[in-house]
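Asks: Quick one, my_file34.tsv (TSV, C-alpha atoms):
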```tsv
chain	number	residue	atom	x	y	z
D	1	MET	CA	-44.11	47.26	-25.60
D	2	LYS	CA	-44.32	46.18	-21.95
D	3	ARG	CA	-41.36	44.20	-20.59
D	4	ILE	CA	-42.10	42.27	-17.42
D	5	GLY	CA	-39.70	40.21	-15.30
D	6	MET	CA	-40.88	37.45	-12.95
D	7	LEU	CA	-39.22	35.33	-10.29
D	8	THR	CA	-40.21	32.95	-7.49
D	9	SER	CA	-38.04	33.02	-4.38
D	10	GLY	CA	-37.75	31.04	-1.15
D	11	GLY	CA	-39.31	27.66	-0.43
D	12	ASP	CA	-41.61	26.36	-3.12
D	13	CYS	CA	-45.31	25.76	-2.53
D	14	GLN	CA	-48.52	24.98	-4.31
D	15	ALA	CA	-50.11	27.60	-6.61
D	16	LEU	CA	-46.95	29.49	-7.55
D	17	ASN	CA	-47.64	28.52	-11.16
D	18	ALA	CA	-51.32	29.42	-10.83
D	19	ALA	CA	-50.39	32.89	-9.54
D	20	MET	CA	-47.89	33.53	-12.36
D	21	ARG	CA	-50.46	32.30	-14.87
D	22	GLY	CA	-52.97	34.78	-13.44
D	23	VAL	CA	-50.55	37.69	-13.88
D	24	VAL	CA	-49.63	36.79	-17.46
D	25	LYS	CA	-53.13	35.92	-18.69
D	26	SER	CA	-54.62	39.14	-17.29
D	27	ILE	CA	-51.95	41.25	-19.01
D	28	LEU	CA	-52.03	39.39	-22.34
D	29	ASN	CA	-55.82	39.65	-22.46
D	30	ALA	CA	-55.44	43.44	-22.30
D	31	GLU	CA	-52.25	43.97	-24.33
D	32	SER	CA	-50.69	41.85	-27.07
D	33	ASP	CA	-47.30	43.58	-27.21
D	34	VAL	CA	-45.68	42.14	-24.10
D	35	GLU	CA	-42.32	40.50	-23.37
D	36	ILE	CA	-41.96	38.26	-20.33
D	37	TYR	CA	-38.60	37.43	-18.79
D	38	GLY	CA	-38.58	34.59	-16.28
D	39	PHE	CA	-35.58	34.71	-13.93
D	40	LEU	CA	-34.50	31.21	-12.93
D	41	ASP	CA	-34.03	29.99	-9.35
D	42	GLY	CA	-35.20	33.09	-7.55
D	43	TYR	CA	-33.01	36.11	-6.90
D	44	LYS	CA	-30.00	34.13	-8.13
D	45	GLY	CA	-31.37	34.42	-11.66
D	46	LEU	CA	-31.75	38.19	-11.30
D	47	ILE	CA	-28.27	38.57	-9.78
D	48	TYR	CA	-26.47	36.54	-12.43
D	49	GLY	CA	-28.69	37.36	-15.41
D	50	ASN	CA	-30.00	33.82	-15.80
D	51	PHE	CA	-33.42	34.08	-17.45
D	52	ARG	CA	-35.73	32.67	-20.12
D	53	MET	CA	-37.92	34.52	-22.55
D	54	LEU	CA	-41.47	33.29	-22.00
D	55	THR	CA	-44.70	33.46	-23.98
D	56	GLY	CA	-48.32	32.88	-23.11
D	57	HIS	CA	-47.89	29.23	-24.12
D	58	ASP	CA	-45.47	28.69	-21.22
D	59	PHE	CA	-48.29	29.54	-18.82
D	60	SER	CA	-50.85	27.26	-20.43
D	61	GLY	CA	-51.74	24.08	-18.55
D	62	ILE	CA	-49.97	25.03	-15.31
D	63	LEU	CA	-52.96	26.03	-13.18
D	64	THR	CA	-52.95	22.66	-11.41
D	65	LYS	CA	-49.19	22.10	-11.44
D	66	GLY	CA	-47.31	22.28	-8.13
D	67	GLY	CA	-43.86	23.78	-7.63
D	68	THR	CA	-42.65	26.55	-9.93
D	69	ILE	CA	-41.75	26.44	-13.60
D	70	LEU	CA	-39.05	29.06	-12.93
D	71	GLY	CA	-37.32	27.20	-10.13
D	72	SER	CA	-36.62	28.72	-6.72
D	73	SER	CA	-33.87	29.16	-4.15
D	74	ARG	CA	-33.27	30.86	-0.83
D	75	THR	CA	-31.09	33.98	-0.94
D	76	PRO	CA	-31.08	35.34	2.65
D	77	PHE	CA	-31.87	39.04	2.94
D	78	LYS	CA	-29.09	39.57	5.49
D	79	LEU	CA	-26.54	38.52	2.84
D	80	MET	CA	-27.90	40.73	0.06
D	81	ARG	CA	-25.59	43.63	0.89
D	82	GLU	CA	-22.56	41.31	1.15
D	83	PRO	CA	-20.54	40.65	-2.04
D	84	ASP	CA	-20.55	37.08	-3.37
D	85	GLU	CA	-17.42	34.88	-3.40
D	86	ASN	CA	-16.17	36.75	-6.48
D	87	GLY	CA	-16.75	40.18	-4.99
D	88	LEU	CA	-19.95	40.84	-6.97
D	89	ASP	CA	-22.29	43.47	-5.51
D	90	LYS	CA	-25.58	41.53	-5.57
D	91	VAL	CA	-27.91	44.52	-5.30
D	92	GLU	CA	-26.07	46.44	-8.02
D	93	ALA	CA	-26.07	43.32	-10.24
D	94	MET	CA	-29.86	42.94	-9.87
D	95	LYS	CA	-30.38	46.58	-10.78
D	96	GLN	CA	-28.10	46.34	-13.80
D	97	ASN	CA	-29.88	43.23	-15.14
D	98	TYR	CA	-33.23	44.96	-14.64
D	99	TYR	CA	-32.09	48.02	-16.61
D	100	LYS	CA	-30.21	46.02	-19.24
D	101	LEU	CA	-33.44	44.24	-20.17
D	102	GLN	CA	-35.33	47.56	-20.05
D	103	LEU	CA	-37.97	46.07	-17.75
D	104	ASP	CA	-41.08	48.05	-16.92
D	105	CYS	CA	-41.54	46.11	-13.73
D	106	LEU	CA	-40.52	43.02	-11.78
D	107	VAL	CA	-43.13	40.60	-10.38
D	108	ILE	CA	-41.83	38.77	-7.30
D	109	LEU	CA	-43.59	35.84	-5.62
D	110	GLY	CA	-42.39	34.89	-2.16
D	111	GLY	CA	-42.59	35.00	1.61
D	112	ASN	CA	-41.04	37.13	4.35
D	113	GLY	CA	-37.39	37.14	3.32
D	114	THR	CA	-38.37	37.57	-0.31
D	115	HIS	CA	-40.46	40.63	0.55
D	116	LYS	CA	-37.60	42.25	2.45
D	117	THR	CA	-35.43	42.02	-0.65
D	118	ALA	CA	-38.33	43.14	-2.87
D	119	ASN	CA	-38.73	46.24	-0.72
D	120	LEU	CA	-34.98	46.87	-0.89
D	121	LEU	CA	-35.20	46.81	-4.70
D	122	ARG	CA	-38.17	49.20	-4.53
D	123	GLU	CA	-36.07	51.56	-2.39
D	124	GLU	CA	-33.35	51.29	-5.05
D	125	GLY	CA	-35.81	52.64	-7.62
D	126	LEU	CA	-37.11	49.49	-9.36
D	127	ASN	CA	-40.81	49.02	-10.19
D	128	ILE	CA	-41.93	46.08	-8.06
D	129	VAL	CA	-45.21	44.16	-7.61
D	130	THR	CA	-45.30	41.17	-5.24
D	131	LEU	CA	-47.60	38.25	-4.49
D	132	PRO	CA	-47.78	36.59	-1.03
D	133	LYS	CA	-46.49	33.02	-1.16
D	134	THR	CA	-45.90	30.86	1.92
D	135	ILE	CA	-47.39	27.75	3.48
D	136	ASP	CA	-46.90	29.45	6.88
D	137	ASN	CA	-49.51	32.20	6.26
D	138	ASP	CA	-47.28	34.55	8.25
D	139	LEU	CA	-47.02	37.53	5.89
D	140	TRP	CA	-48.26	40.76	7.42
D	141	GLY	CA	-50.88	42.74	5.51
D	142	THR	CA	-52.91	39.84	4.10
D	143	ASP	CA	-55.43	37.51	5.70
D	144	MET	CA	-54.16	34.61	3.59
D	145	THR	CA	-51.16	33.53	1.56
D	146	PHE	CA	-51.42	31.09	-1.31
D	147	GLY	CA	-50.00	27.64	-0.60
D	148	PHE	CA	-51.29	27.74	2.97
D	149	GLN	CA	-54.62	26.01	2.41
D	150	SER	CA	-53.02	23.28	0.29
D	151	ALA	CA	-50.45	22.65	3.02
D	152	VAL	CA	-53.20	22.55	5.66
D	153	ASN	CA	-54.97	19.90	3.58
D	154	ILE	CA	-51.84	17.72	3.36
D	155	ALA	CA	-50.92	18.09	7.04
D	156	THR	CA	-54.53	17.36	8.01
D	157	GLU	CA	-54.59	14.21	5.91
D	158	ALA	CA	-51.34	13.06	7.50
D	159	ILE	CA	-52.80	13.47	11.00
D	160	ASP	CA	-56.08	11.85	9.87
D	161	CYS	CA	-54.13	8.77	8.77
D	162	ILE	CA	-52.33	8.62	12.12
D	163	HIS	CA	-55.63	8.37	14.00
D	164	THR	CA	-56.34	4.78	12.98
D	165	THR	CA	-52.92	3.40	13.82
D	166	ALA	CA	-52.77	5.38	17.07
D	167	ALA	CA	-56.16	4.01	18.10
D	168	SER	CA	-55.29	0.47	17.05
D	169	HIS	CA	-52.09	0.34	19.10
D	170	GLY	CA	-53.09	2.62	21.98
D	171	ARG	CA	-50.14	4.91	21.43
D	172	VAL	CA	-49.20	8.56	21.73
D	173	PHE	CA	-48.41	9.93	18.28
D	174	ILE	CA	-46.55	13.16	17.56
D	175	VAL	CA	-47.01	14.62	14.07
D	176	GLU	CA	-44.49	17.36	13.31
D	177	VAL	CA	-45.88	20.10	11.08
D	178	MET	CA	-43.85	22.76	9.27
D	179	GLY	CA	-43.52	26.19	10.90
D	180	HIS	CA	-40.33	27.44	12.56
D	181	LYS	CA	-41.53	30.82	13.81
D	182	VAL	CA	-45.31	30.85	13.39
D	183	GLY	CA	-47.99	28.27	14.15
D	184	TRP	CA	-50.87	28.98	11.74
D	185	LEU	CA	-50.32	25.76	9.77
D	186	THR	CA	-50.08	23.53	12.85
D	187	LEU	CA	-53.04	25.24	14.51
D	188	ASN	CA	-55.34	24.82	11.51
D	189	ALA	CA	-54.24	21.30	10.62
D	190	GLY	CA	-54.44	20.26	14.27
D	191	MET	CA	-57.97	21.56	14.67
D	192	ALA	CA	-59.10	20.12	11.34
D	193	SER	CA	-57.80	16.66	12.22
D	194	GLY	CA	-58.98	16.51	15.82
D	195	ALA	CA	-55.54	16.63	17.44
D	196	ASP	CA	-55.71	16.51	21.23
D	197	ILE	CA	-52.63	18.66	21.84
D	198	ILE	CA	-51.36	21.46	19.59
D	199	LEU	CA	-47.96	23.02	20.23
D	200	ILE	CA	-47.01	26.21	18.37
D	201	PRO	CA	-44.03	28.61	18.68
D	202	GLU	CA	-46.13	31.45	20.06
D	203	ILE	CA	-47.30	29.47	23.12
D	204	PRO	CA	-44.39	27.92	25.08
D	205	TYR	CA	-45.30	24.52	26.51
D	206	SER	CA	-44.80	22.68	29.79
D	207	ILE	CA	-44.10	18.96	29.57
D	208	ASP	CA	-46.13	18.48	32.76
D	209	SER	CA	-49.18	20.06	31.11
D	210	ILE	CA	-48.79	17.66	28.17
D	211	ILE	CA	-48.46	14.60	30.45
D	212	ASN	CA	-51.52	15.73	32.43
D	213	LYS	CA	-53.58	15.93	29.22
D	214	ILE	CA	-52.51	12.43	28.15
D	215	ASP	CA	-53.28	11.08	31.65
D	216	GLU	CA	-56.69	12.77	31.55
D	217	ARG	CA	-57.51	11.12	28.22
D	218	ILE	CA	-56.52	7.69	29.53
D	219	GLN	CA	-58.69	8.19	32.62
D	220	ASN	CA	-61.62	9.16	30.36
D	221	GLY	CA	-61.29	5.95	28.37
D	222	SER	CA	-59.25	7.14	25.36
D	223	ARG	CA	-56.53	4.69	24.34
D	224	PHE	CA	-54.47	7.17	22.35
D	225	THR	CA	-53.42	10.83	22.10
D	226	ILE	CA	-52.32	12.81	19.07
D	227	LEU	CA	-50.06	15.84	19.24
D	228	ALA	CA	-49.71	18.27	16.33
D	229	VAL	CA	-46.35	19.93	16.94
D	230	ALA	CA	-44.87	22.84	14.99
D	231	GLU	CA	-41.17	22.59	14.08
D	232	GLY	CA	-40.56	25.72	16.11
D	233	ALA	CA	-42.49	24.68	19.24
D	234	ILE	CA	-40.54	25.67	22.34
D	235	SER	CA	-40.68	24.76	26.03
D	236	LYS	CA	-41.29	27.36	28.73
D	237	GLU	CA	-37.76	26.78	30.02
D	238	ASP	CA	-36.17	27.40	26.62
D	239	ALA	CA	-38.41	30.42	25.98
D	240	LYS	CA	-36.82	32.11	29.02
D	241	LEU	CA	-33.32	31.79	27.56
D	242	SER	CA	-31.69	34.68	25.73
D	243	LYS	CA	-31.07	34.24	22.00
D	244	LYS	CA	-27.39	33.67	22.71
D	245	GLU	CA	-28.09	31.07	25.42
D	246	TYR	CA	-30.61	29.25	23.24
D	247	LYS	CA	-28.23	29.21	20.28
D	248	GLU	CA	-25.51	27.77	22.51
D	249	LYS	CA	-27.84	25.07	23.77
D	250	MET	CA	-28.85	24.08	20.23
D	251	LYS	CA	-25.19	23.53	19.27
D	252	ASN	CA	-25.20	20.33	21.33
D	253	TYR	CA	-28.86	19.43	20.81
D	254	PRO	CA	-29.00	15.61	20.64
D	255	PHE	CA	-32.38	15.29	18.89
D	256	PRO	CA	-33.31	15.66	15.19
D	257	SER	CA	-36.08	18.06	16.21
D	258	VAL	CA	-38.27	19.11	19.13
D	259	SER	CA	-40.73	16.28	18.42
D	260	TYR	CA	-38.14	13.65	19.28
D	261	GLU	CA	-37.22	15.43	22.50
D	262	LEU	CA	-40.91	15.53	23.41
D	263	ALA	CA	-41.27	11.84	22.61
D	264	GLN	CA	-38.42	10.96	25.00
D	265	GLN	CA	-39.82	13.15	27.77
D	266	ILE	CA	-43.30	11.64	27.41
D	267	ARG	CA	-41.83	8.11	27.56
D	268	GLU	CA	-39.70	8.88	30.60
D	269	LYS	CA	-42.19	10.97	32.58
D	270	GLY	CA	-45.44	9.31	31.57
D	271	GLY	CA	-44.37	5.79	30.64
D	272	TYR	CA	-46.28	5.96	27.36
D	273	ASP	CA	-45.49	4.29	24.04
D	274	VAL	CA	-44.72	7.20	21.68
D	275	ARG	CA	-44.12	7.44	17.93
D	276	VAL	CA	-43.09	10.45	15.81
D	277	THR	CA	-44.23	11.12	12.24
D	278	VAL	CA	-42.77	13.92	10.10
D	279	PRO	CA	-44.67	14.66	6.85
D	280	GLY	CA	-41.90	17.15	5.98
D	281	HIS	CA	-41.71	18.53	2.46
D	282	THR	CA	-44.84	16.69	1.35
D	283	GLN	CA	-46.63	19.70	2.86
D	284	ARG	CA	-45.16	21.90	0.13
D	285	GLY	CA	-45.74	19.46	-2.71
D	286	GLY	CA	-48.35	18.26	-5.11
D	287	SER	CA	-51.17	20.03	-6.89
D	288	PRO	CA	-52.74	23.14	-5.33
D	289	CYS	CA	-56.16	22.64	-3.78
D	290	PRO	CA	-59.16	24.35	-5.47
D	291	TYR	CA	-59.13	27.21	-2.95
D	292	ASP	CA	-55.51	28.04	-3.73
D	293	ARG	CA	-56.10	27.82	-7.48
D	294	VAL	CA	-58.88	30.40	-7.30
D	295	PHE	CA	-57.10	32.57	-4.74
D	296	ALA	CA	-53.78	32.63	-6.61
D	297	SER	CA	-55.60	33.38	-9.87
D	298	ARG	CA	-57.37	36.33	-8.25
D	299	LEU	CA	-54.09	37.67	-6.85
D	300	GLY	CA	-52.42	37.28	-10.24
D	301	SER	CA	-55.25	39.07	-11.98
D	302	GLU	CA	-55.07	42.02	-9.59
D	303	ALA	CA	-51.27	42.17	-9.97
D	304	GLY	CA	-51.78	42.30	-13.74
D	305	LYS	CA	-54.17	45.21	-13.27
D	306	LEU	CA	-51.62	47.12	-11.18
D	307	ILE	CA	-48.99	46.61	-13.88
D	308	LEU	CA	-51.32	47.74	-16.66
D	309	ASN	CA	-52.14	50.86	-14.62
D	310	GLY	CA	-48.48	51.53	-13.81
D	311	GLU	CA	-49.03	51.15	-10.05
D	312	TYR	CA	-45.89	49.78	-8.42
D	313	GLY	CA	-44.48	49.22	-4.96
D	314	PHE	CA	-47.35	47.05	-3.73
D	315	MET	CA	-48.01	43.54	-2.50
D	316	VAL	CA	-51.35	42.12	-3.62
D	317	GLY	CA	-53.19	40.54	-0.70
D	318	ILE	CA	-56.66	39.78	0.65
D	319	LYS	CA	-58.68	41.36	3.47
D	320	ASN	CA	-62.21	40.36	4.37
D	321	ARG	CA	-62.38	38.25	1.16
D	322	GLU	CA	-61.58	41.22	-1.06
D	323	ILE	CA	-58.33	41.49	-3.01
D	324	ILE	CA	-56.33	44.57	-1.94
D	325	LYS	CA	-52.97	46.25	-2.53
D	326	VAL	CA	-50.62	46.90	0.39
D	327	PRO	CA	-47.56	49.21	0.23
D	328	LEU	CA	-44.42	47.06	0.27
D	329	GLU	CA	-42.78	49.13	2.99
D	330	GLU	CA	-45.66	48.19	5.32
D	331	VAL	CA	-45.17	44.47	4.67
D	332	ALA	CA	-41.40	43.96	4.66
D	333	GLY	CA	-39.90	42.62	7.87
D	334	LYS	CA	-43.19	42.00	9.69
D	335	LEU	CA	-44.50	38.60	10.79
D	336	LYS	CA	-48.16	37.79	11.30
D	337	MET	CA	-48.03	35.72	14.48
D	338	VAL	CA	-50.69	33.67	16.24
D	339	SER	CA	-51.70	35.60	19.33
D	340	PRO	CA	-52.19	33.37	22.40
D	341	ASP	CA	-55.36	35.40	22.99
D	342	ALA	CA	-56.68	34.97	19.42
D	343	SER	CA	-60.28	33.83	19.20
D	344	ILE	CA	-59.30	30.68	17.26
D	345	VAL	CA	-56.99	29.65	20.12
D	346	GLN	CA	-59.66	30.29	22.74
D	347	GLU	CA	-62.23	28.37	20.69
D	348	ALA	CA	-59.82	25.45	20.34
D	349	LYS	CA	-59.32	25.41	24.10
D	350	MET	CA	-63.11	25.32	24.60
D	351	LEU	CA	-63.10	22.18	22.46
D	352	GLY	CA	-60.70	20.60	24.95
D	353	ILE	CA	-57.52	21.03	22.92
D	354	CYS	CA	-54.41	21.48	25.07
D	355	PHE	CA	-51.70	23.97	24.03
D	356	GLY	CA	-49.26	22.88	26.72
D	357	ASP	CA	-49.50	26.20	28.56
```
Is it possible to give me this structure as structure tokens?

Replies:
Amino acid sequence: MKRIGMLTSGGDCQALNAAMRGVVKSILNAESDVEIYGFLDGYKGLIYGNFRMLTGHDFSGILTKGGTILGSSRTPFKLMREPDENGLDKVEAMKQNYYKLQLDCLVILGGNGTHKTANLLREEGLNIVTLPKTIDNDLWGTDMTFGFQSAVNIATEAIDCIHTTAASHGRVFIVEVMGHKVGWLTLNAGMASGADIILIPEIPYSIDSIINKIDERIQNGSRFTILAVAEGAISKEDAKLSKKEYKEKMKNYPFPSVSYELAQQIREKGGYDVRVTVPGHTQRGGSPCPYDRVFASRLGSEAGKLILNGEYGFMVGIKNREIIKVPLEEVAGKLKMVSPDASIVQEAKMLGICFGD
């Protein structure tokens, strides 16, 4: 009998259920004698032994369902080696629950922090297979992460809807898109929706450059300007600060986010009427788009194949449209950033899109 544990960790996103379904269906189609243990609310479930026995029926009808049937939570990697409030050794507790259930392997679906902990568990001797989940598309070792395309669709639709009201009122509109450290989501949604200015964490901006772009559009007869701004967008002045200096500045930061600071600066320096829209967690929600359903199913199927073959210690990813396996130690702790020199950035600039640099 094969005994397989599964958990979903970190922020939720579309196609988590589709990916888990892919893993389970591919295994059950090859072997009938399988036990599946679903750990609830991410690593918390593995730490405290909170799980459900699952069957193939639990994975029926969830291909199109958003969120995760197992629940999720954030358990920061930097706290994994620290005992909990009751003195419990979290890593040792996870190992003990793994061995107590006599698991053959643990399937973990998550993003960057999740993969660091997954690699830690691999180093501790557990059999681990992971799948790349994040709307940020910032996991190293894979061209794409599931959830990303669905989030791009939602962010794009939000900016599309802003176009009509921005044009009607002749306003500057800022749409804040998720992405604290990496700008793939903002870049793709901004290009897809025809944003005039795209600000991402990897390219520090100058407020003067932004004002000049808005002025240029007015002079060319455009009544409105749309900015797609990543949560983690940063000014050139702030980018020069040390981590300590920046952290100190943010202690007394008077704005809800960078978008509201930008709005005030554009009003004061340019005299423009500015509005801010924040789609927020809608970008993580709802049903996965068709691309993500297919992609997550393919990843799940390949993960099932690795498990059936007894190949562990890998993340399943995609390169050049082919599903691949990547050693976990090569993935953990690495971010896939947007290079300012990337071809997609240069092509966007040729289209007239301003990045504030």

Asks: Pick out the residues sitting within 12 Å of D:Gln265, and hand them over as a list in words; count all atoms listed in the file, and ignore anything fewer than 3 positions along from it in its own chain.

Replies: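 So, after excluding close chain neighbours, the residues are Ser206, Ile207, Asp208, Ile210, Ile211, Ser235, Phe255, Val258, Ser259, Tyr260, Glu261, Leu262, Glu268, Lys269, Gly270, Gly271, Tyr272, Asp273 and Val274 of chain D.
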
Asks: Excluding stretch 51-57 of chain D and its own-chain neighbours fewer than 6 positions away, which residues fall within 9 Å of it when counting only C-alpha atoms? Please give them as a PyMOL selection string.

Replies: chain D and resi 21+24-25+28+34-40+45+70

Asks: Given the point (-55.8, 41.9, -15.7) in the coordinates of this file, which residues lie within 7 Å, counting only C-alpha atoms, and how would they look as a short mmCIF file (atom, residue, chain, number, x, y, z; two decimals) with C-alpha atoms, in the frame of the given file?

Replies:
```
data_model
loop_
_atom_site.label_atom_id
_atom_site.label_comp_id
_atom_site.auth_asym_id
_atom_site.auth_seq_id
_atom_site.Cartn_x
_atom_site.Cartn_y
_atom_site.Cartn_z
CA VAL D 23 -50.55 37.69 -13.88
CA SER D 26 -54.62 39.14 -17.29
CA ILE D 27 -51.95 41.25 -19.01
CA ALA D 30 -55.44 43.44 -22.30
CA SER D 301 -55.25 39.07 -11.98
CA GLU D 302 -55.07 42.02 -9.59
CA GLY D 304 -51.78 42.30 -13.74
CA LYS D 305 -54.17 45.21 -13.27
#
```

Asks: Calculate how many Å separate atom CA of D:Val182 from atom CA of D:Asn137, rounding to one decimal.

Replies: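 Atom CA of D:Val182 sits 8.4 Å away from atom CA of D:Asn137.
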
Asks: Kindly give the distance, in Å, that separates atom CA of D:Ile174 and atom CA of D:Pro254, rounded to a single decimal.

Replies: 18.0 Å

Asks: Could you tell me how far atom CA of D:His163 sits from atom CA of D:Gly286, in Å to one decimal place?

Replies: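 Distance between the two atoms: 22.7 Å.
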
Asks: List every protein, DNA or RNA residue that has at least one atom no more than 10 Å from (-53.8, 28.2, 13.5) in the file's coordinates, counting all atoms listed in the file, and write the result as a PyMOL selection string.

Replies: chain D and resi 136-137+152+182-192+198+200+337-339+342+344-345+348

Asks: Please dump the current selection as an mmCIF file, in the coordinates of the input; keep C-alpha atoms.

Replies:
```cif
data_model
loop_
_atom_site.group_PDB
_atom_site.id
_atom_site.type_symbol
_atom_site.label_atom_id
_atom_site.label_comp_id
_atom_site.auth_asym_id
_atom_site.auth_seq_id
_atom_site.Cartn_x
_atom_site.Cartn_y
_atom_site.Cartn_z
ATOM 1 C CA ASP D 136 -46.900 29.450 6.880
ATOM 2 C CA ASN D 137 -49.510 32.200 6.260
ATOM 3 C CA VAL D 152 -53.200 22.550 5.660
ATOM 4 C CA VAL D 182 -45.310 30.850 13.390
ATOM 5 C CA GLY D 183 -47.990 28.270 14.150
ATOM 6 C CA TRP D 184 -50.870 28.980 11.740
ATOM 7 C CA LEU D 185 -50.320 25.760 9.770
ATOM 8 C CA THR D 186 -50.080 23.530 12.850
ATOM 9 C CA LEU D 187 -53.040 25.240 14.510
ATOM 10 C CA ASN D 188 -55.340 24.820 11.510
ATOM 11 C CA ALA D 189 -54.240 21.300 10.620
ATOM 12 C CA GLY D 190 -54.440 20.260 14.270
ATOM 13 C CA MET D 191 -57.970 21.560 14.670
ATOM 14 C CA ALA D 192 -59.100 20.120 11.340
ATOM 15 C CA ILE D 198 -51.360 21.460 19.590
ATOM 16 C CA ILE D 200 -47.010 26.210 18.370
ATOM 17 C CA MET D 337 -48.030 35.720 14.480
ATOM 18 C CA VAL D 338 -50.690 33.670 16.240
ATOM 19 C CA SER D 339 -51.700 35.600 19.330
ATOM 20 C CA ALA D 342 -56.680 34.970 19.420
ATOM 21 C CA ILE D 344 -59.300 30.680 17.260
ATOM 22 C CA VAL D 345 -56.990 29.650 20.120
ATOM 23 C CA ALA D 348 -59.820 25.450 20.340
#
```

Asks: Looking at only C-alpha atoms, which of D:Asn127, D:Gln219, D:Ser193, D:Gln283 is the one that sits closest to D:Ile307?

Replies: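 So, comparing all the options, the nearest one is D:Asn127.
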
Asks: Mind checking which residues fall within 10 Å of stretch 237-246 of chain D, counting only C-alpha atoms, ignoring those fewer than 2 positions away in the same chain, and posting them as a list in words?

Replies: Pro201, Glu202, Ile203, Pro204, Tyr205, Ser206, Ala233, Ile234, Ser235, Glu248, Lys249, Met250 and Lys251 of chain D

Asks: So that I can check the surroundings of D:Leu131, please list as a list in words every protein, DNA and RNA residue that reaches within 9 Å of it, counting all atoms listed in the file and ignoring chain neighbours fewer than 2 positions away.

Replies: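 Non-adjacent residues within range: Ala19, Val107, Ile108, Leu109, Gly110, Gly111, Val129, Lys133, Thr145, Phe146, Ala296, Leu299, Gly300, Ala303, Phe314, Met315, Val316 and Gly317 of chain D.
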
Asks: Applying 8 Å and all atoms listed in the file, which residues near D:Leu126 remain after dropping the ones on its own chain fewer than 6 positions away? List them as a PDB file with C-alpha atoms, in the coordinates of the input.

Replies:
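Written output follows (out.pdb):
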```pdb
ATOM      1  CA  LYS D  95     -30.380  46.580 -10.780  1.00  0.00           C
ATOM      2  CA  TYR D  98     -33.230  44.960 -14.640  1.00  0.00           C
ATOM      3  CA  CYS D 105     -41.540  46.110 -13.730  1.00  0.00           C
ATOM      4  CA  LEU D 106     -40.520  43.020 -11.780  1.00  0.00           C
TER       5      LEU D 106
END
```

Asks: Under the rule that all atoms listed in the file are counted, which of D:Ile154, D:Ala118, D:Ile62, D:Ile4 is the nearest residue to D:Pro327?

Replies: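 Using all atoms listed in the file, D:Pro327 sits closest to D:Ala118.
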
Asks: Restricting the calculation to only C-alpha atoms: of D:Arg298, D:Lys116, D:Arg284, D:Arg122, which residue gets closest to D:Thr68?

Replies: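 Ranked by minimum distance to D:Thr68, first place goes to D:Arg284.
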
Asks: Between D:Pro83, D:Gly356, D:Gly113, D:Gly67, which has the minimum distance to D:Thr282 (counting all atoms listed in the file)?

Replies: D:Gly67

Asks: For D:Cys289, which residue among D:Tyr99, D:Asn153, D:Asp12, D:Lys236 is the nearest when counting only C-alpha atoms?

Replies: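 Using only C-alpha atoms, the shortest distance to D:Cys289 belongs to D:Asn153.
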
Asks: Could you rebuild stretch 122-129 of chain D with N, CA, C and O atoms and give me the result as a PDB file, keeping the file's coordinate frame?

Replies:
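rebuild.pdb written:
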```
ATOM      1  N   ARG D 122     -37.275  48.041  -4.351  1.00  0.00           N
ATOM      2  CA  ARG D 122     -38.170  49.200  -4.530  1.00  0.00           C
ATOM      3  C   ARG D 122     -37.473  50.462  -4.065  1.00  0.00           C
ATOM      4  O   ARG D 122     -37.532  51.509  -4.743  1.00  0.00           O
ATOM      5  N   GLU D 123     -36.790  50.391  -2.913  1.00  0.00           N
ATOM      6  CA  GLU D 123     -36.070  51.560  -2.390  1.00  0.00           C
ATOM      7  C   GLU D 123     -34.935  51.979  -3.324  1.00  0.00           C
ATOM      8  O   GLU D 123     -34.552  53.150  -3.347  1.00  0.00           O
ATOM      9  N   GLU D 124     -34.420  51.008  -4.094  1.00  0.00           N
ATOM     10  CA  GLU D 124     -33.350  51.290  -5.050  1.00  0.00           C
ATOM     11  C   GLU D 124     -33.896  51.839  -6.371  1.00  0.00           C
ATOM     12  O   GLU D 124     -33.137  52.085  -7.309  1.00  0.00           O
ATOM     13  N   GLY D 125     -35.229  51.982  -6.462  1.00  0.00           N
ATOM     14  CA  GLY D 125     -35.810  52.640  -7.620  1.00  0.00           C
ATOM     15  C   GLY D 125     -36.443  51.732  -8.662  1.00  0.00           C
ATOM     16  O   GLY D 125     -36.901  52.201  -9.706  1.00  0.00           O
ATOM     17  N   LEU D 126     -36.499  50.406  -8.394  1.00  0.00           N
ATOM     18  CA  LEU D 126     -37.110  49.490  -9.360  1.00  0.00           C
ATOM     19  C   LEU D 126     -38.622  49.439  -9.163  1.00  0.00           C
ATOM     20  O   LEU D 126     -39.127  49.621  -8.052  1.00  0.00           O
ATOM     21  N   ASN D 127     -39.346  49.190 -10.259  1.00  0.00           N
ATOM     22  CA  ASN D 127     -40.810  49.020 -10.190  1.00  0.00           C
ATOM     23  C   ASN D 127     -41.117  47.580  -9.795  1.00  0.00           C
ATOM     24  O   ASN D 127     -40.821  46.647 -10.543  1.00  0.00           O
ATOM     25  N   ILE D 128     -41.719  47.410  -8.625  1.00  0.00           N
ATOM     26  CA  ILE D 128     -41.930  46.080  -8.060  1.00  0.00           C
ATOM     27  C   ILE D 128     -43.405  45.858  -7.742  1.00  0.00           C
ATOM     28  O   ILE D 128     -44.080  46.731  -7.201  1.00  0.00           O
ATOM     29  N   VAL D 129     -43.904  44.646  -8.072  1.00  0.00           N
ATOM     30  CA  VAL D 129     -45.210  44.160  -7.610  1.00  0.00           C
ATOM     31  C   VAL D 129     -44.983  42.766  -7.044  1.00  0.00           C
ATOM     32  O   VAL D 129     -44.293  41.950  -7.660  1.00  0.00           O
TER      33      VAL D 129
END
```
